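In what follows, a structure is listed as C-alpha cells, so that the remarks can point back to it.
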Amino acid sequence: MAEHAAEHAAYPVGLRLSGRRVVVLGAGQVAQRRLPSLLAAGADVLLISPSATPSVEAMADAGEIRWERRRYQDGDLADAWYALISTDDPQANAAASQEAEDRRVWCVRSDDAEAATAWTPATGRSEGVTVAVLTGRDPRRSAAVRDAIVEGLREGSIAAPHHRRPHTPGVALVGGGPGDPDLITVRGRRLLAEADVVIADRLGPRDLLAELPPHVQVIDAAKIPYGRFMAQEAINQALIEHAKAGKAVVRLKGGDPFVFGRGMEEAQALAEAGIPCTVVPGISSTISVPAAAGIPVTHRGVAHEFTVVSGHVAPDDERSLVDWPSLARLRGTLVVLMGVENSGAIAAKLIEHGRAADTPAAVIQEGTTAAQRRVDATLATLGETVRAEGVRPPAVIVIGEVVTVAPAPTRR
C-alpha cells in the first residue's frame, strides 16, 4: 500500500459526514485540532481514548461527542465511514489501520501518512467556499498555500464572481478598528471588497480605501452636505438613499460602531426605513491603543477593572452624563476617549474627588498607526503636558498604575 501511495497522487474529495459515524482513536493535540471540523460537518463522532486534553474533554462534557474511556479494541471501526487514528501506541495504530483496510473504512493516521488510506488537507473557509490543499507530505506548504488563497478570497484580491452573494439593498455598519488597516476584522474587510458605496469616517482605516476597486463610490462622512439636516441625520439619509437605490453600502467607522460611534442611531434609522442592516464589531481603541503603546488596561495585582468614558464634554458641563466623583473613587484603570481638549479639567475633577495627584497617566496619539506617539505624565501634570507636547486628537488617555507596568518613557 505504501509503494502504491508513493506512485500516485491523492484523489481529492469532499466527504459528507452528516449523521455518519466517525471513529477517533486518541484524544491528544491531533484530535483536538481535527474534532471541530468533524463536528462542523455534522459527523456522529465516537472517541475512544483512556484520557483526553481538557478541550476534548469539554466537547464530551457538552455532549458534542461520545467518549469511551478505554484503549482501542478490534472491532471498534465497525459501521464507521471514516477513522482518525492518533494514539501514542504504534501497535494500536497499526492494528486499527489494518482493521480500517479490512473494513474499507477511509483512515487517516497521524503517525504514518504512508500507511493511511486518506490524508487530511489543509482547509479553510471563506463565505461559503471551502479551500482544501494537498501538497504531498509537506503539511507546512499546504497550510501556507491554503492561507494565501483564503486570505485572497476574504480580502477580495482573489475574485470569485460566481459565488458572490445575491446583490440586495442593505447597509453594513463596519467597525474598522483603531487605525492600522491590518486590525479590521476579516468580515469587515470582505464586506468592503463587496461594497458599491462606502461612507467613511475620518477616524476609519483610510489606507483600506485605496484598495477598493475604481467603481466603488467613497463618500467622506464629514463632507456630506447637511442641508436642512443635522450632521448625523444627513449621514443616516445618505445610507438610506444609497441602499434604496439597490447598492451594497458599507458605513466604515473607526473602532467599534457602538463605542461612542453613534452606530445604534444609524441602525435605528435604517430599521425605521426598512433597510436591512448588518453590524460588524470592530477592535475598540479603548483596549487596542493602550496595548499598542505597551499598556495593559488590566494587570494581575495592579488593576482588576477598567472603565471607559467619553471626555468630549467637560466635567462641569451640565450636559455631562459621567459621574466623575464616583470614577475618582475607583482603584482601577480609567480610559478616556475624546478627552484631549478637556484633559486638564478631567484631571482636576478626579483629584478634587480623591484620586491621587501622582497617579500615572499616559496619552497615546494616533495609536496603532505609523504616527503613533506616547506622552507620559501624572494626573497632576496631565493637562499641562498635553498642551506642552502639542497632543492633538485622536488620542486615548490612560490613567492608573498600569501605565508603569512596562518600561516607558520618563514621566513628566
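Residue numbering restarts at 1 in every chain; chains get A, B, ... in the order shown in the C-alpha cells, and ligands count up from 1 in that same order.
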- Please identify all polymer residues within 12 Å of Asp201 (chain A), counting only C-alpha atoms, omitting same-chain residues fewer than 2 positions from it, and present them as a ChimeraX atom specification. /A:173-179,198-199,203-206,209,218-224,232,235,250-257,261-263
- If we count only C-alpha atoms, what is near Ala40 (chain A) at a cut-off of 12 Å, once residues fewer than 2 positions away on the same chain are taken out, given as a list in words?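 These residues fall inside the cut-off: Arg16, Leu17, Ser18, Gly19, Arg34, Leu35, Pro36, Ser37, Leu38, Gly42, Ala43, Asp44, Val45, Glu64, Ile65 and Arg125 of chain A.
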Using only C-alpha atoms, please write the residues we just selected to a file, as a PDB file, in the first residue's frame.
ATOM      1  CA  ARG A  16     -20.385  14.406   3.511  1.00  0.00           C
ATOM      2  CA  LEU A  17     -20.302  13.059   7.050  1.00  0.00           C
ATOM      3  CA  SER A  18     -23.527  14.453   8.459  1.00  0.00           C
ATOM      4  CA  GLY A  19     -25.103  11.797  10.689  1.00  0.00           C
ATOM      5  CA  ARG A  34      -9.458  17.830  13.938  1.00  0.00           C
ATOM      6  CA  LEU A  35     -12.603  17.380  16.026  1.00  0.00           C
ATOM      7  CA  PRO A  36     -14.087  20.866  15.453  1.00  0.00           C
ATOM      8  CA  SER A  37     -14.150  20.355  11.680  1.00  0.00           C
ATOM      9  CA  LEU A  38     -15.712  16.913  12.045  1.00  0.00           C
ATOM     10  CA  GLY A  42     -22.274  17.029  11.384  1.00  0.00           C
ATOM     11  CA  ALA A  43     -20.396  13.777  11.967  1.00  0.00           C
ATOM     12  CA  ASP A  44     -21.528  11.322  14.625  1.00  0.00           C
ATOM     13  CA  VAL A  45     -18.208  11.132  16.470  1.00  0.00           C
ATOM     14  CA  GLU A  64     -20.827  17.062  21.180  1.00  0.00           C
ATOM     15  CA  ILE A  65     -19.037  13.702  21.013  1.00  0.00           C
ATOM     16  CA  ARG A 125     -13.360  28.617   4.553  1.00  0.00           C
TER      17      ARG A 125
END
- Using only C-alpha atoms, which of A:Ala370, A:Ser343, A:Ser97, A:Trp119 sits nearest Gly75 (chain A)?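 Comparing A:Ala370, A:Ser343, A:Ser97, A:Trp119 against Gly75 (chain A), the winner is A:Ser97.
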For region 68-73 of chain A, please output as a short mmCIF file (atom, residue, chain, number, x, y, z; two decimals) with N, CA, C and O atoms, in the first residue's frame all residues within 12 Å (counting only C-alpha atoms; exclusion window: fewer than 4 positions along the same chain).
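Ended up saving to result.cif:
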data_model
loop_
_atom_site.label_atom_id
_atom_site.label_comp_id
_atom_site.auth_asym_id
_atom_site.auth_seq_id
_atom_site.Cartn_x
_atom_site.Cartn_y
_atom_site.Cartn_z
N VAL A 23 -14.97 7.45 13.80
CA VAL A 23 -14.29 6.96 14.99
C VAL A 23 -12.95 7.66 15.10
O VAL A 23 -12.16 7.69 14.15
N VAL A 24 -12.71 8.25 16.26
CA VAL A 24 -11.45 8.94 16.54
C VAL A 24 -10.75 8.17 17.66
O VAL A 24 -11.29 8.01 18.75
N LEU A 25 -9.55 7.69 17.37
CA LEU A 25 -8.75 6.97 18.35
C LEU A 25 -7.64 7.88 18.84
O LEU A 25 -6.80 8.35 18.06
N GLY A 26 -7.64 8.15 20.15
CA GLY A 26 -6.68 9.09 20.71
C GLY A 26 -7.33 10.45 20.88
O GLY A 26 -8.12 10.88 20.02
N ALA A 27 -7.00 11.12 21.99
CA ALA A 27 -7.63 12.41 22.28
C ALA A 27 -6.59 13.43 22.69
O ALA A 27 -6.78 14.20 23.62
N VAL A 45 -19.57 11.45 16.07
CA VAL A 45 -18.21 11.13 16.47
C VAL A 45 -18.18 10.24 17.70
O VAL A 45 -18.78 10.56 18.73
N LEU A 46 -17.47 9.13 17.56
CA LEU A 46 -17.17 8.25 18.69
C LEU A 46 -15.69 8.37 19.00
O LEU A 46 -14.85 8.05 18.16
N LEU A 47 -15.36 8.84 20.19
CA LEU A 47 -13.98 8.99 20.62
C LEU A 47 -13.61 7.84 21.54
O LEU A 47 -14.32 7.56 22.51
N ILE A 48 -12.49 7.19 21.24
CA ILE A 48 -12.00 6.08 22.07
C ILE A 48 -10.60 6.44 22.53
O ILE A 48 -9.67 6.54 21.72
N SER A 49 -10.47 6.66 23.84
CA SER A 49 -9.17 7.02 24.39
C SER A 49 -9.27 6.96 25.91
O SER A 49 -10.29 7.37 26.48
N PRO A 50 -8.23 6.48 26.59
CA PRO A 50 -8.30 6.43 28.06
C PRO A 50 -8.22 7.81 28.71
O PRO A 50 -8.63 8.00 29.85
N SER A 51 -7.69 8.81 27.99
CA SER A 51 -7.57 10.17 28.53
C SER A 51 -7.76 11.16 27.39
O SER A 51 -7.80 10.78 26.22
N ALA A 52 -7.87 12.42 27.75
CA ALA A 52 -8.12 13.44 26.74
C ALA A 52 -7.57 14.78 27.21
O ALA A 52 -7.40 15.01 28.42
N GLU A 57 -12.07 16.96 26.35
CA GLU A 57 -12.96 16.55 27.44
C GLU A 57 -14.17 17.47 27.53
O GLU A 57 -15.29 17.01 27.79
N ALA A 60 -16.77 16.46 25.07
CA ALA A 60 -17.53 15.30 25.54
C ALA A 60 -18.52 15.70 26.61
O ALA A 60 -19.68 15.27 26.61
N LEU A 77 -14.02 -0.16 14.71
CA LEU A 77 -14.32 0.59 13.48
C LEU A 77 -15.55 0.05 12.75
O LEU A 77 -15.85 0.50 11.63
N ALA A 78 -16.26 -0.88 13.37
CA ALA A 78 -17.48 -1.40 12.74
C ALA A 78 -18.47 -0.27 12.52
O ALA A 78 -18.68 0.58 13.38
N ILE A 85 -6.87 8.08 13.35
CA ILE A 85 -6.06 7.31 14.28
C ILE A 85 -4.90 8.19 14.75
O ILE A 85 -4.04 8.57 13.95
N SER A 86 -4.90 8.49 16.05
CA SER A 86 -3.88 9.41 16.55
C SER A 86 -3.47 9.07 17.98
O SER A 86 -3.23 9.97 18.80
N THR A 87 -3.37 7.78 18.29
CA THR A 87 -2.94 7.40 19.64
C THR A 87 -1.42 7.44 19.72
O THR A 87 -0.72 7.56 18.71
N ASP A 88 -0.89 7.30 20.94
CA ASP A 88 0.57 7.26 21.13
C ASP A 88 1.09 5.84 21.21
O ASP A 88 2.23 5.61 21.63
N ASP A 89 0.28 4.87 20.77
CA ASP A 89 0.65 3.45 20.78
C ASP A 89 0.81 2.97 19.34
O ASP A 89 -0.18 2.74 18.65
N PRO A 90 2.04 2.81 18.85
CA PRO A 90 2.25 2.41 17.45
C PRO A 90 1.58 1.08 17.10
O PRO A 90 1.04 0.93 15.98
N GLN A 91 1.57 0.13 18.03
CA GLN A 91 0.95 -1.16 17.73
C GLN A 91 -0.56 -1.02 17.58
O GLN A 91 -1.17 -1.61 16.69
N ALA A 92 -1.18 -0.22 18.46
CA ALA A 92 -2.62 0.00 18.34
C ALA A 92 -2.94 0.73 17.05
O ALA A 92 -3.93 0.41 16.37
N ASN A 93 -2.10 1.70 16.68
CA ASN A 93 -2.32 2.43 15.42
C ASN A 93 -2.26 1.50 14.22
O ASN A 93 -3.08 1.57 13.31
N ALA A 94 -1.27 0.58 14.23
CA ALA A 94 -1.12 -0.35 13.12
C ALA A 94 -2.30 -1.32 13.06
O ALA A 94 -2.82 -1.62 11.97
N ALA A 95 -2.74 -1.79 14.21
CA ALA A 95 -3.88 -2.72 14.24
C ALA A 95 -5.16 -2.05 13.78
O ALA A 95 -5.94 -2.62 12.99
N ALA A 96 -5.38 -0.81 14.22
CA ALA A 96 -6.58 -0.08 13.81
C ALA A 96 -6.52 0.24 12.33
O ALA A 96 -7.54 0.17 11.62
N SER A 97 -5.33 0.57 11.84
CA SER A 97 -5.18 0.86 10.42
C SER A 97 -5.49 -0.37 9.57
O SER A 97 -6.13 -0.29 8.52
N GLU A 99 -7.48 -2.83 10.51
CA GLU A 99 -8.94 -3.03 10.58
C GLU A 99 -9.66 -2.11 9.60
O GLU A 99 -10.61 -2.53 8.92
#
- Item | Selected residue, from A:Glu241, A:Glu352, A:Glu151, A:Asp323, that lies nearest to Val309 (chain A) when counting only C-alpha atoms |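 Closest to Val309 (chain A), using only C-alpha atoms: A:Asp323.
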- Task: Any chance you could list, as a ChimeraX atom specification, the residues in region 69-99 of chain A that come up strand (DSSP E) when DSSP is run on the backbone?
- Result: /A:82-85
Those same residues, written as a CSV table (one decimal), in the first residue's frame with N, CA and C atoms?
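The new file out-v6.csv reads:
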chain,number,residue,atom,x,y,z
A,82,TYR,N,-15.4,6.7,8.5
A,82,TYR,CA,-14.1,7.5,8.4
A,82,TYR,C,-13.5,7.3,9.8
A,83,ALA,N,-12.2,7.2,9.8
A,83,ALA,CA,-11.5,7.0,11.1
A,83,ALA,C,-10.2,7.9,11.1
A,84,LEU,N,-10.0,8.5,12.3
A,84,LEU,CA,-8.9,9.3,12.6
A,84,LEU,C,-8.1,8.5,13.7
A,85,ILE,N,-6.9,8.1,13.3
A,85,ILE,CA,-6.1,7.3,14.3
A,85,ILE,C,-4.9,8.2,14.8
- Task: Rounded to one decimal place, report the CA of Leu327 (chain A)-CA of Leu350 (chain A) distance in Å.
- Result: 7.4 Å
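Take the candidates A:Pro276, A:Pro121, A:Pro393, A:Gly63 and check each one against Arg141 (chain A) using only C-alpha atoms; the shortest distance goes to A:Pro121.
Distances from A:Gly367, A:Gly152, A:Pro360, A:Pro325 to Ser288 (chain A) were compared using only C-alpha atoms, and the smallest one belongs to A:Gly367.
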- Message: Please list as a ChimeraX atom specification every residue within 10 Å of Thr123 (chain A), counting only C-alpha atoms and excluding residues in the same chain fewer than 2 positions away.
- Response: /A:37,120-121,125,130-134,142-143,145-147,150
Could those residues be written to a file, using N, CA and C atoms, as a CSV table (one decimal), in the first residue's frame?
chain,number,residue,atom,x,y,z
A,37,SER,N,-13.7,20.5,13.1
A,37,SER,CA,-14.1,20.4,11.7
A,37,SER,C,-15.1,19.2,11.5
A,120,THR,N,-5.4,14.2,5.4
A,120,THR,CA,-6.2,15.4,5.8
A,120,THR,C,-5.6,16.6,5.1
A,121,PRO,N,-6.3,17.3,4.2
A,121,PRO,CA,-5.8,18.5,3.6
A,121,PRO,C,-5.8,19.7,4.6
A,125,ARG,N,-12.1,28.2,5.1
A,125,ARG,CA,-13.4,28.6,4.6
A,125,ARG,C,-13.5,30.1,4.5
A,130,THR,N,-15.0,26.4,0.5
A,130,THR,CA,-14.1,25.6,1.3
A,130,THR,C,-12.8,25.4,0.4
A,131,VAL,N,-11.7,25.8,0.9
A,131,VAL,CA,-10.4,25.6,0.2
A,131,VAL,C,-9.7,24.4,0.9
A,132,ALA,N,-9.3,23.4,0.1
A,132,ALA,CA,-8.6,22.3,0.7
A,132,ALA,C,-7.3,22.1,-0.2
A,133,VAL,N,-6.2,22.0,0.5
A,133,VAL,CA,-4.9,22.0,-0.2
A,133,VAL,C,-4.1,20.7,0.2
A,134,LEU,N,-3.6,20.0,-0.7
A,134,LEU,CA,-2.7,18.8,-0.5
A,134,LEU,C,-1.5,19.1,-1.3
A,142,SER,N,1.3,23.0,2.5
A,142,SER,CA,-0.2,23.0,2.3
A,142,SER,C,-0.9,24.1,3.1
A,143,ALA,N,-0.5,24.3,4.3
A,143,ALA,CA,-1.1,25.4,5.1
A,143,ALA,C,-0.8,26.8,4.6
A,145,VAL,N,-0.1,27.6,1.4
A,145,VAL,CA,-0.9,27.8,0.2
A,145,VAL,C,-2.4,28.1,0.5
A,146,ARG,N,-2.9,27.3,1.5
A,146,ARG,CA,-4.3,27.5,1.9
A,146,ARG,C,-4.5,28.9,2.4
A,147,ASP,N,-3.6,29.3,3.3
A,147,ASP,CA,-3.7,30.7,3.9
A,147,ASP,C,-3.7,31.8,2.9
A,150,VAL,N,-7.2,31.6,1.0
A,150,VAL,CA,-8.3,32.1,1.9
A,150,VAL,C,-8.2,33.6,2.1
